[in-house]
$ cat my_file_24.cif   # mmCIF, C-alpha atoms and all ligand atoms
data_data
#
loop_
_atom_site.label_atom_id
_atom_site.label_comp_id
_atom_site.auth_asym_id
_atom_site.auth_seq_id
_atom_site.Cartn_x
_atom_site.Cartn_y
_atom_site.Cartn_z
CA MET K 466 74.53 85.61 97.58
CA ASN K 467 74.70 87.71 94.45
CA ALA K 468 78.16 89.26 94.39
CA SER K 469 77.08 92.39 92.56
CA THR K 470 74.96 93.52 95.50
CA GLN K 471 77.68 93.04 98.09
CA HIS K 472 79.58 95.95 99.57
CA CYS K 473 82.84 95.55 101.41
CA GLY K 474 85.37 98.06 102.64
CA VAL K 475 87.85 99.04 105.30
CA ILE K 476 87.20 101.63 107.98
CA ALA K 477 90.22 102.87 109.90
CA ILE K 478 89.59 104.07 113.44
CA VAL K 479 92.30 106.56 114.31
CA GLY K 480 92.95 109.12 117.03
CA ARG K 481 95.31 109.90 119.86
CA PRO K 482 95.78 107.34 122.65
CA ASN K 483 92.97 106.66 125.12
CA VAL K 484 90.03 108.26 123.30
CA GLY K 485 88.13 104.94 123.08
CA LYS K 486 88.96 103.48 119.66
CA SER K 487 89.26 99.86 120.78
CA THR K 488 86.18 100.19 122.99
CA LEU K 489 84.16 101.30 119.98
CA MET K 490 85.35 98.44 117.80
CA ASN K 491 84.57 95.88 120.49
CA HIS K 492 81.10 97.28 121.09
CA LEU K 493 80.31 97.51 117.38
CA LEU K 494 81.21 93.86 117.04
CA GLY K 495 79.56 92.82 120.30
CA GLN K 496 82.72 90.94 121.13
CA LYS K 497 86.07 91.73 122.60
CA ILE K 498 88.58 91.79 119.78
CA SER K 499 90.92 94.52 120.90
CA ILE K 500 92.18 95.03 124.43
CA THR K 501 91.35 98.23 126.32
CA SER K 502 92.48 99.94 129.49
CA ARG K 503 92.36 103.25 131.27
CA LYS K 504 95.96 103.85 130.26
CA PRO K 505 97.08 105.48 127.04
CA GLN K 506 98.93 103.40 124.43
CA THR K 507 97.14 100.17 125.15
CA THR K 508 96.73 99.04 121.54
CA ARG K 509 100.01 98.20 119.84
CA HIS K 510 99.06 96.51 116.60
CA ARG K 511 96.58 97.19 113.90
CA ILE K 512 93.73 94.77 114.48
CA HIS K 513 90.87 94.08 112.13
CA GLY K 514 87.36 93.51 113.42
CA ILE K 515 84.84 92.29 110.87
CA LEU K 516 81.13 93.06 110.95
CA THR K 517 78.87 91.48 108.34
CA GLU K 518 75.30 92.74 108.10
CA GLY K 519 73.19 91.66 105.14
CA ASP K 520 74.95 92.75 101.96
CA TYR K 521 77.54 94.79 103.83
CA GLN K 522 80.85 93.71 105.26
CA LEU K 523 82.54 96.39 107.34
CA VAL K 524 86.20 95.70 108.08
CA PHE K 525 87.26 97.92 110.97
CA ALA K 526 90.94 98.59 111.54
CA ASP K 527 91.61 99.50 115.15
CA THR K 528 94.95 101.26 115.42
CA PRO K 529 97.43 102.26 118.13
CA GLY K 530 96.86 105.81 119.38
CA ILE K 531 98.92 108.20 117.30
CA HIS K 532 101.26 110.35 119.33
CA ARG K 533 104.07 112.66 118.52
CA GLY K 534 107.62 111.86 119.50
CA GLU K 535 109.74 109.09 118.14
CA GLY K 536 111.14 107.54 121.31
CA ARG K 537 111.82 103.85 121.47
CA ALA K 538 111.51 101.43 118.59
CA LEU K 539 108.18 100.23 120.02
CA ASN K 540 106.75 103.75 119.85
CA ARG K 541 107.96 104.16 116.30
CA TYR K 542 106.37 100.83 115.43
CA MET K 543 103.05 101.87 116.98
CA ASN K 544 102.89 105.20 115.16
CA GLN K 545 103.85 103.54 111.92
CA ALA K 546 101.17 100.88 112.36
CA ALA K 547 98.57 103.59 112.86
CA VAL K 548 99.69 105.84 110.02
CA SER K 549 100.06 102.98 107.56
CA ALA K 550 96.49 101.99 108.42
CA LEU K 551 95.46 105.04 106.42
CA THR K 552 96.45 103.50 103.13
CA GLY K 553 94.07 101.18 101.37
CA VAL K 554 91.04 102.18 103.42
CA ASP K 555 87.72 103.54 102.21
CA VAL K 556 86.76 105.78 105.09
CA VAL K 557 88.35 107.02 108.29
CA CYS K 558 86.76 107.44 111.71
CA PHE K 559 88.72 110.15 113.51
CA MET K 560 87.90 109.75 117.18
CA VAL K 561 88.27 112.50 119.75
CA ASP K 562 87.30 112.88 123.40
CA ALA K 563 84.27 115.11 123.93
CA LEU K 564 85.92 116.89 126.83
CA LYS K 565 89.55 117.06 125.94
CA TRP K 566 91.33 118.32 122.85
CA THR K 567 95.11 118.08 122.93
CA GLU K 568 98.07 118.75 120.67
CA ALA K 569 98.08 115.07 119.78
CA ASP K 570 94.61 115.54 118.27
CA ASP K 571 95.96 118.42 116.18
CA TYR K 572 98.75 116.16 115.03
CA VAL K 573 96.39 113.38 113.95
CA LEU K 574 94.25 115.91 112.11
CA SER K 575 97.32 117.20 110.28
CA LEU K 576 98.06 113.64 109.10
CA LEU K 577 94.49 113.19 107.90
CA ALA K 578 94.73 116.42 105.96
CA LYS K 579 97.39 114.75 103.81
CA THR K 580 94.95 112.08 102.65
CA GLU K 581 92.01 112.41 100.32
CA LEU K 582 89.86 110.02 102.28
CA PRO K 583 86.38 110.76 103.61
CA VAL K 584 86.72 111.33 107.34
CA LEU K 585 83.95 111.03 109.90
CA LEU K 586 84.53 112.90 113.14
CA LEU K 587 83.47 110.74 116.09
CA ILE K 588 83.10 112.70 119.29
CA ASN K 589 83.30 110.01 121.93
CA LYS K 590 82.50 109.81 125.65
CA VAL K 591 79.48 112.13 125.38
CA ASP K 592 78.19 110.35 128.48
CA THR K 593 80.73 112.40 130.42
CA VAL K 594 79.25 115.68 129.19
CA ASP K 595 76.36 116.90 131.34
CA ASP K 596 75.19 119.66 129.08
CA LYS K 597 75.20 118.34 125.52
CA ALA K 598 74.82 121.89 124.20
CA GLN K 599 78.45 122.32 125.22
CA LEU K 600 79.41 120.13 122.29
CA LEU K 601 78.06 122.48 119.66
CA PRO K 602 80.83 125.10 119.69
CA GLN K 603 83.42 122.32 119.49
CA ILE K 604 81.67 120.71 116.53
CA GLU K 605 81.38 124.05 114.82
CA GLN K 606 85.03 124.88 115.36
CA LEU K 607 86.31 121.51 114.19
CA SER K 608 84.10 121.59 111.13
CA LYS K 609 85.82 124.82 110.15
CA GLN K 610 89.21 123.15 110.45
CA TYR K 611 88.43 120.17 108.28
CA PRO K 612 85.79 119.20 105.73
CA PHE K 613 84.48 116.15 107.62
CA ALA K 614 82.14 113.86 105.74
CA GLY K 615 80.03 113.75 108.90
CA VAL K 616 80.07 114.37 112.63
CA VAL K 617 78.80 111.72 115.04
CA PRO K 618 78.67 112.31 118.81
CA LEU K 619 78.50 108.99 120.64
CA SER K 620 79.46 106.91 123.61
CA ALA K 621 81.47 103.85 122.62
CA LEU K 622 80.46 102.17 125.86
CA ARG K 623 76.76 102.23 125.07
CA ASP K 624 75.53 99.52 122.78
CA GLY K 625 72.52 100.24 120.66
CA GLU K 626 73.61 103.75 119.73
CA PHE K 627 75.49 102.83 116.63
CA ALA K 628 72.73 102.59 114.02
CA SER K 629 73.33 106.02 112.50
CA LEU K 630 77.10 105.55 112.51
CA LEU K 631 76.80 102.21 110.72
CA GLN K 632 74.34 103.71 108.25
CA GLU K 633 76.74 106.52 107.46
CA LEU K 634 79.72 104.16 107.13
CA LYS K 635 77.85 101.90 104.73
CA THR K 636 77.40 104.78 102.28
CA HIS K 637 81.20 104.84 101.86
CA LEU K 638 81.71 101.14 101.18
CA PRO K 639 82.42 100.22 97.58
CA VAL K 640 80.61 97.43 95.78
CA GLY K 641 82.67 94.25 95.98
CA ASP K 642 82.79 90.68 97.18
CA PHE K 643 83.19 89.99 100.87
CA TRP K 644 86.79 89.43 101.90
CA PHE K 645 86.03 87.29 104.92
CA ASP K 646 83.57 84.57 105.87
CA GLU K 647 80.33 85.98 107.22
CA ASP K 648 80.94 84.58 110.70
CA GLN K 649 84.58 85.66 110.97
CA VAL K 650 85.13 88.51 113.45
CA THR K 651 88.84 89.14 113.19
CA ASP K 652 91.83 88.42 110.97
CA ARG K 653 94.08 87.75 113.94
CA SER K 654 94.96 84.25 115.12
CA LEU K 655 93.77 82.73 118.38
CA ARG K 656 97.35 82.73 119.60
CA PHE K 657 97.59 86.45 119.04
CA MET K 658 94.29 87.05 120.81
CA VAL K 659 95.40 84.97 123.79
CA ALA K 660 98.68 86.88 124.07
CA GLU K 661 96.70 90.13 123.95
CA ILE K 662 94.28 88.99 126.67
CA ILE K 663 97.22 88.26 128.96
CA ARG K 664 98.80 91.63 128.14
CA GLU K 665 95.51 93.36 128.95
CA LYS K 666 95.39 91.79 132.40
CA VAL K 667 99.00 92.83 133.02
CA VAL K 668 98.37 96.43 131.95
CA ARG K 669 95.19 96.62 134.04
CA GLN K 670 96.77 95.04 137.13
CA LEU K 671 99.84 97.18 137.17
CA GLY K 672 98.55 100.69 137.62
CA GLN K 673 101.27 103.15 136.75
CA GLU K 674 104.03 100.99 138.21
CA ILE K 675 105.35 99.60 135.02
CA PRO K 676 105.26 101.64 131.90
CA HIS K 677 104.16 99.83 128.81
CA GLN K 678 107.27 97.71 128.69
CA VAL K 679 105.57 94.38 128.76
CA ALA K 680 105.23 91.86 125.94
CA VAL K 681 103.68 88.40 125.88
CA GLU K 682 104.95 85.42 123.96
CA ILE K 683 103.00 82.15 123.64
CA GLU K 684 105.44 79.30 124.20
CA LEU K 685 103.16 76.30 124.02
CA TRP K 686 99.66 75.51 122.79
CA ASN K 687 98.42 71.99 123.15
CA ASP K 688 94.82 70.93 122.50
CA THR K 689 93.99 67.72 124.33
CA PRO K 690 90.56 66.11 124.16
CA LYS K 691 89.66 67.56 127.54
CA LEU K 692 91.34 70.94 127.64
CA THR K 693 93.76 73.35 126.04
CA GLU K 694 97.14 73.70 127.65
CA ILE K 695 98.83 77.06 127.10
CA ALA K 696 102.17 78.34 128.37
CA ALA K 697 103.15 81.96 127.92
CA SER K 698 106.04 84.20 128.90
CA ILE K 699 105.53 87.73 130.04
CA LEU K 700 108.61 89.69 129.07
CA VAL K 701 109.72 92.70 131.05
CA GLU K 702 112.76 94.92 130.78
CA ARG K 703 114.20 94.75 134.30
CA ASP K 704 114.47 92.58 137.42
CA GLY K 705 112.54 95.13 139.46
CA GLN K 706 109.63 94.92 137.02
CA LYS K 707 109.67 91.16 137.30
CA ARG K 708 109.36 91.41 141.09
CA ILE K 709 106.45 93.85 140.82
CA LEU K 710 104.68 91.63 138.32
CA ILE K 711 105.04 88.54 140.47
CA GLY K 712 103.94 90.39 143.61
CA THR K 713 104.18 89.30 147.23
CA GLN K 714 104.19 85.54 147.33
CA GLY K 715 103.20 85.44 143.71
CA GLU K 716 99.85 87.02 144.40
CA ARG K 717 99.76 89.37 141.46
CA ILE K 718 100.83 86.94 138.77
CA LYS K 719 98.30 84.50 140.16
CA LYS K 720 95.53 87.06 139.69
CA ILE K 721 96.71 87.84 136.18
CA GLY K 722 96.67 84.11 135.44
CA ILE K 723 93.15 83.57 136.77
CA GLN K 724 91.67 86.57 134.97
CA SER K 725 93.42 85.64 131.72
CA ARG K 726 92.31 82.02 131.92
CA GLU K 727 88.68 83.02 132.49
CA ASP K 728 88.70 85.27 129.41
CA ILE K 729 90.51 82.72 127.26
CA GLU K 730 88.03 80.02 128.25
CA LYS K 731 85.17 82.31 127.26
CA MET K 732 86.81 83.02 123.93
CA ILE K 733 87.67 79.48 122.89
CA ASP K 734 84.82 77.86 124.80
CA ARG K 735 86.99 75.13 126.33
CA GLN K 736 88.68 74.45 129.60
CA VAL K 737 92.15 75.98 129.72
CA MET K 738 95.24 75.23 131.73
CA LEU K 739 97.41 78.33 131.66
CA ASN K 740 101.01 78.57 132.78
CA LEU K 741 102.58 82.00 132.98
CA TRP K 742 106.27 82.77 133.32
CA VAL K 743 107.83 86.17 133.86
CA LYS K 744 111.13 86.69 132.07
CA VAL K 745 113.53 89.57 131.91
CA LYS K 746 114.59 90.38 128.37
CA SER K 747 116.19 93.74 128.69
CA GLY K 748 116.00 96.17 125.82
CA TRP K 749 113.28 94.33 123.89
CA SER K 750 111.13 97.43 123.45
CA ASP K 751 113.96 99.34 121.79
CA ASN K 752 115.40 96.57 119.73
CA ASP K 753 114.07 96.14 116.21
CA ARG K 754 115.07 92.50 116.01
CA ALA K 755 113.49 91.59 119.34
CA LEU K 756 110.33 93.42 118.29
CA ARG K 757 110.12 91.47 115.07
CA SER K 758 110.52 88.19 116.88
CA LEU K 759 107.63 89.22 119.13
CA GLY K 760 105.37 89.82 116.16
CA TYR K 761 105.78 93.58 115.90
CA GLY K 762 107.13 93.38 112.38
CA ASP K 763 104.11 92.79 110.22
CA LEU K 764 102.47 96.07 109.41
N1 LIG T 1 82.99 107.36 129.97
C1 LIG T 1 83.39 106.76 128.85
N2 LIG T 1 84.57 106.10 128.84
C2 LIG T 1 84.94 105.49 127.69
C3 LIG T 1 84.13 105.53 126.51
N3 LIG T 1 84.79 104.86 125.54
C4 LIG T 1 85.94 104.41 126.08
N4 LIG T 1 86.04 104.79 127.37
C5 LIG T 1 87.14 104.48 128.31
O1 LIG T 1 88.33 105.11 127.85
C6 LIG T 1 89.47 104.31 128.19
C7 LIG T 1 90.32 104.08 126.95
O2 LIG T 1 89.61 103.25 126.05
P1 LIG T 1 90.35 102.43 124.90
O3 LIG T 1 89.28 101.86 124.04
O4 LIG T 1 91.39 101.52 125.45
O5 LIG T 1 91.06 103.64 124.13
P2 LIG T 1 91.97 103.61 122.81
O6 LIG T 1 91.63 104.84 122.02
O7 LIG T 1 91.81 102.31 122.12
O8 LIG T 1 93.42 103.76 123.44
P3 LIG T 1 94.86 103.31 122.81
O9 LIG T 1 94.75 101.87 122.41
O10 LIG T 1 95.79 103.51 123.94
O11 LIG T 1 95.12 104.23 121.66
C8 LIG T 1 88.94 103.02 128.80
O12 LIG T 1 89.02 103.13 130.22
C9 LIG T 1 87.49 102.99 128.33
O13 LIG T 1 86.62 102.30 129.20
C10 LIG T 1 82.87 106.25 126.56
O14 LIG T 1 82.11 106.33 125.61
N5 LIG T 1 82.57 106.83 127.76
MG MG T 2 93.18 100.85 121.69
#
$ encode --input "my_file_24.cif" --output "structure tokens"
Amino acid sequence: MNASTQHCGVIAIVGRPNVGKSTLMNHLLGQKISITSRKPQTTRHRIHGILTEGDYQLVFADTPGIHRGEGRALNRYMNQAAVSALTGVDVVCFMVDALKWTEADDYVLSLLAKTELPVLLLINKVDTVDDKAQLLPQIEQLSKQYPFAGVVPLSALRDGEFASLLQELKTHLPVGDFWFDEDQVTDRSLRFMVAEIIREKVVRQLGQEIPHQVAVEIELWNDTPKLTEIAASILVERDGQKRILIGTQGERIKKIGIQSREDIEKMIDRQVMLNLWVKVKSGWSDNDRALRSLGYGDL
């Protein structure tokens, strides 16, 4: 391909927790790259999803939901990962929920105001709004608060509605060689993706019982001719959390194992033997060293 016609750039998707950022990235890519759940603060790392269409390579950066409050080291890490995602990008998608504006949205907007980047306002979850005319006053009001480069109402869950968004994003991509192979969909390793799949199942299984104090560490990865053998530890903070995670007669951890294995098999397209262990490692989520050893160091 002639390099001079190629366009490539980074699009950061930012917003408060739970507005649908990871859902949008996954649906744009037609593949699950970033884990999602009904609970806020699901995404912890910045994750790149890569979409190559013709002469355009769009590198999306999904980010942890930005929230105020410093709290534990993990929270600081997550906010930092999201805010640092604003450097070196070409355009920002600021995502909000069509029905709910909170102080956290104000906070994100105040951070964006400090940058000079073009910002598209994405009003997500419009499928939850019966009367679409309701959106107009909100759009008008927000447009007064910030000079958005564009406003796009959408539903991240609905495929096939992204043409105008992609069109708009492409206008902001600079001319330049592709950074990634055309068939590459993420910059993260398989190991990372597997750990994230397991964490997703944990977060989804646990309801509100355990706050987000769960981390996953891959202990073993062995490709044999027939199958891939994987062993992973699920780290929790306390004994009580370990009991909850294991469940009565190991029922819950078994479910987490089955669901994770099914997703991992789909992703790597091979048979998988998955062994999960639950370990108590108290204080990991507020300990900078422990966080680094779990891969939370590389912003
Ligand atoms: N009804 C509806 N629900 C949506 C839509 N997009 C996302 N959701 C739901 O909103 C919830 C949160 O979605 P996520 O993609 O995990 O949100 P996020 O912004 O990545 O959240 P954090 O990673 O915690 O910052 C999930 O239950 C999604 O299914 C949408 O367009 N319509
Ligand atoms: Mg997310």
$ atom_distance --input "my_file_24.cif" --atom1 "atom CA of Val681 of chain K" --atom2 "atom CA of Ile729 of chain K"
14.4 Å
$ residues_around --input "my_file_24.cif" --residues "segment 522-526 of chain K" --least-positions-apart "2" --cutoff "10 Å" --atoms "all atoms listed in the file" --output "count of residues only"
49
$ closest_atom_pairs --input "my_file_24.cif" --of "chain K" --to "ligand MG 2 (chain T)" --cutoff "7 Å" --atoms "only C-alpha atoms and all ligand atoms" --output "CSV"
residue,atom,partner,partner_atom,distance
K:Asn483,CA,T:MG2,MG,6.8
K:Gly485,CA,T:MG2,MG,6.6
K:Lys486,CA,T:MG2,MG,5.4
K:Ser487,CA,T:MG2,MG,4.1
K:Ser499,CA,T:MG2,MG,6.8
K:Ile500,CA,T:MG2,MG,6.5
K:Thr501,CA,T:MG2,MG,5.6
K:Gln506,CA,T:MG2,MG,6.9
K:Thr507,CA,T:MG2,MG,5.3
K:Thr508,CA,T:MG2,MG,4.0
K:Asp527,CA,T:MG2,MG,6.9
K:Thr528,CA,T:MG2,MG,6.5
K:Pro529,CA,T:MG2,MG,5.7
K:Gly530,CA,T:MG2,MG,6.6
$ axis_aligned_box --input "my_file_24.cif" --around "segment 698-714 of chain K" --padding-each-side "8 Å" --output "JSON"
{"center_x": 109.2, "center_y": 89.7, "center_z": 138.1, "size_x": 26.5, "size_y": 26.9, "size_z": 34.4}
$ closest_residue --input "my_file_24.cif" --among "K:Leu756, K:Leu741, K:Leu577, K:Ala546" --to "ligand LIG 1 (chain T)" --atoms "all atoms listed in the file"
K:Ala546
$ atom_distance --input "my_file_24.cif" --atom1 "atom CA of Thr636 of chain K" --atom2 "atom CA of His492 of chain K"
20.6 Å
$ residues_around --input "my_file_24.cif" --residues "segment 583-595 of chain K" --least-positions-apart "3" --cutoff "6 Å" --atoms "all atoms listed in the file" --output "PyMOL selection string"
chain K and resi 556-563+613-620
$ closest_residue --input "my_file_24.cif" --among "K:Ser469, K:Ser502, K:Asn491, K:Gln706" --to "ligand LIG 1 (chain T)" --atoms "only C-alpha atoms and all ligand atoms"
K:Ser502
$ atom_distance --input "my_file_24.cif" --atom1 "atom CA of Lys707 of chain K" --atom2 "atom CA of Asn740 of chain K"
15.9 Å
$ closest_residue --input "my_file_24.cif" --among "K:Leu601, K:Ala621, K:Ala569, K:Ile531" --to "ligand LIG 1 (chain T)" --atoms "only C-alpha atoms and all ligand atoms"
K:Ala621
$ closest_residue --input "my_file_24.cif" --among "K:Ile498, K:Trp749, K:Arg623, K:Tyr542" --to "ligand LIG 1 (chain T)" --atoms "only C-alpha atoms and all ligand atoms"
K:Arg623
$ residues_near_point --input "my_file_24.cif" --point "(95.5, 84.1, 116.4)" --cutoff "12 Å" --atoms "only C-alpha atoms" --output "PyMOL selection string"
chain K and resi 498+512-513+650-662+683+686+732-733+760
$ write_last_selection --input "my_file_24.cif" --atoms "C-alpha atoms" --output "PDB file, in the coordinates of the input"
ATOM      1  CA  ILE K 498      88.580  91.790 119.780  1.00  0.00           C
ATOM      2  CA  ILE K 512      93.730  94.770 114.480  1.00  0.00           C
ATOM      3  CA  HIS K 513      90.870  94.080 112.130  1.00  0.00           C
ATOM      4  CA  VAL K 650      85.130  88.510 113.450  1.00  0.00           C
ATOM      5  CA  THR K 651      88.840  89.140 113.190  1.00  0.00           C
ATOM      6  CA  ASP K 652      91.830  88.420 110.970  1.00  0.00           C
ATOM      7  CA  ARG K 653      94.080  87.750 113.940  1.00  0.00           C
ATOM      8  CA  SER K 654      94.960  84.250 115.120  1.00  0.00           C
ATOM      9  CA  LEU K 655      93.770  82.730 118.380  1.00  0.00           C
ATOM     10  CA  ARG K 656      97.350  82.730 119.600  1.00  0.00           C
ATOM     11  CA  PHE K 657      97.590  86.450 119.040  1.00  0.00           C
ATOM     12  CA  MET K 658      94.290  87.050 120.810  1.00  0.00           C
ATOM     13  CA  VAL K 659      95.400  84.970 123.790  1.00  0.00           C
ATOM     14  CA  ALA K 660      98.680  86.880 124.070  1.00  0.00           C
ATOM     15  CA  GLU K 661      96.700  90.130 123.950  1.00  0.00           C
ATOM     16  CA  ILE K 662      94.280  88.990 126.670  1.00  0.00           C
ATOM     17  CA  ILE K 683     103.000  82.150 123.640  1.00  0.00           C
ATOM     18  CA  TRP K 686      99.660  75.510 122.790  1.00  0.00           C
ATOM     19  CA  MET K 732      86.810  83.020 123.930  1.00  0.00           C
ATOM     20  CA  ILE K 733      87.670  79.480 122.890  1.00  0.00           C
ATOM     21  CA  GLY K 760     105.370  89.820 116.160  1.00  0.00           C
TER      22      GLY K 760
END
$ closest_residue --input "my_file_24.cif" --among "K:Leu622, K:Asn752, K:Leu582, K:Gln496" --to "ligand LIG 1 (chain T)" --atoms "all atoms listed in the file"
K:Leu622
$ closest_residue --input "my_file_24.cif" --among "K:Gln736, K:Ser608, K:Gln649, K:Gln714" --to "Thr693 of chain K" --atoms "all atoms listed in the file"
K:Gln736
$ residues_around --input "my_file_24.cif" --residues "Gly748 of chain K" --least-positions-apart "6" --cutoff "9 Å" --atoms "only C-alpha atoms" --output "ChimeraX atom specification"
/K:701-703,755
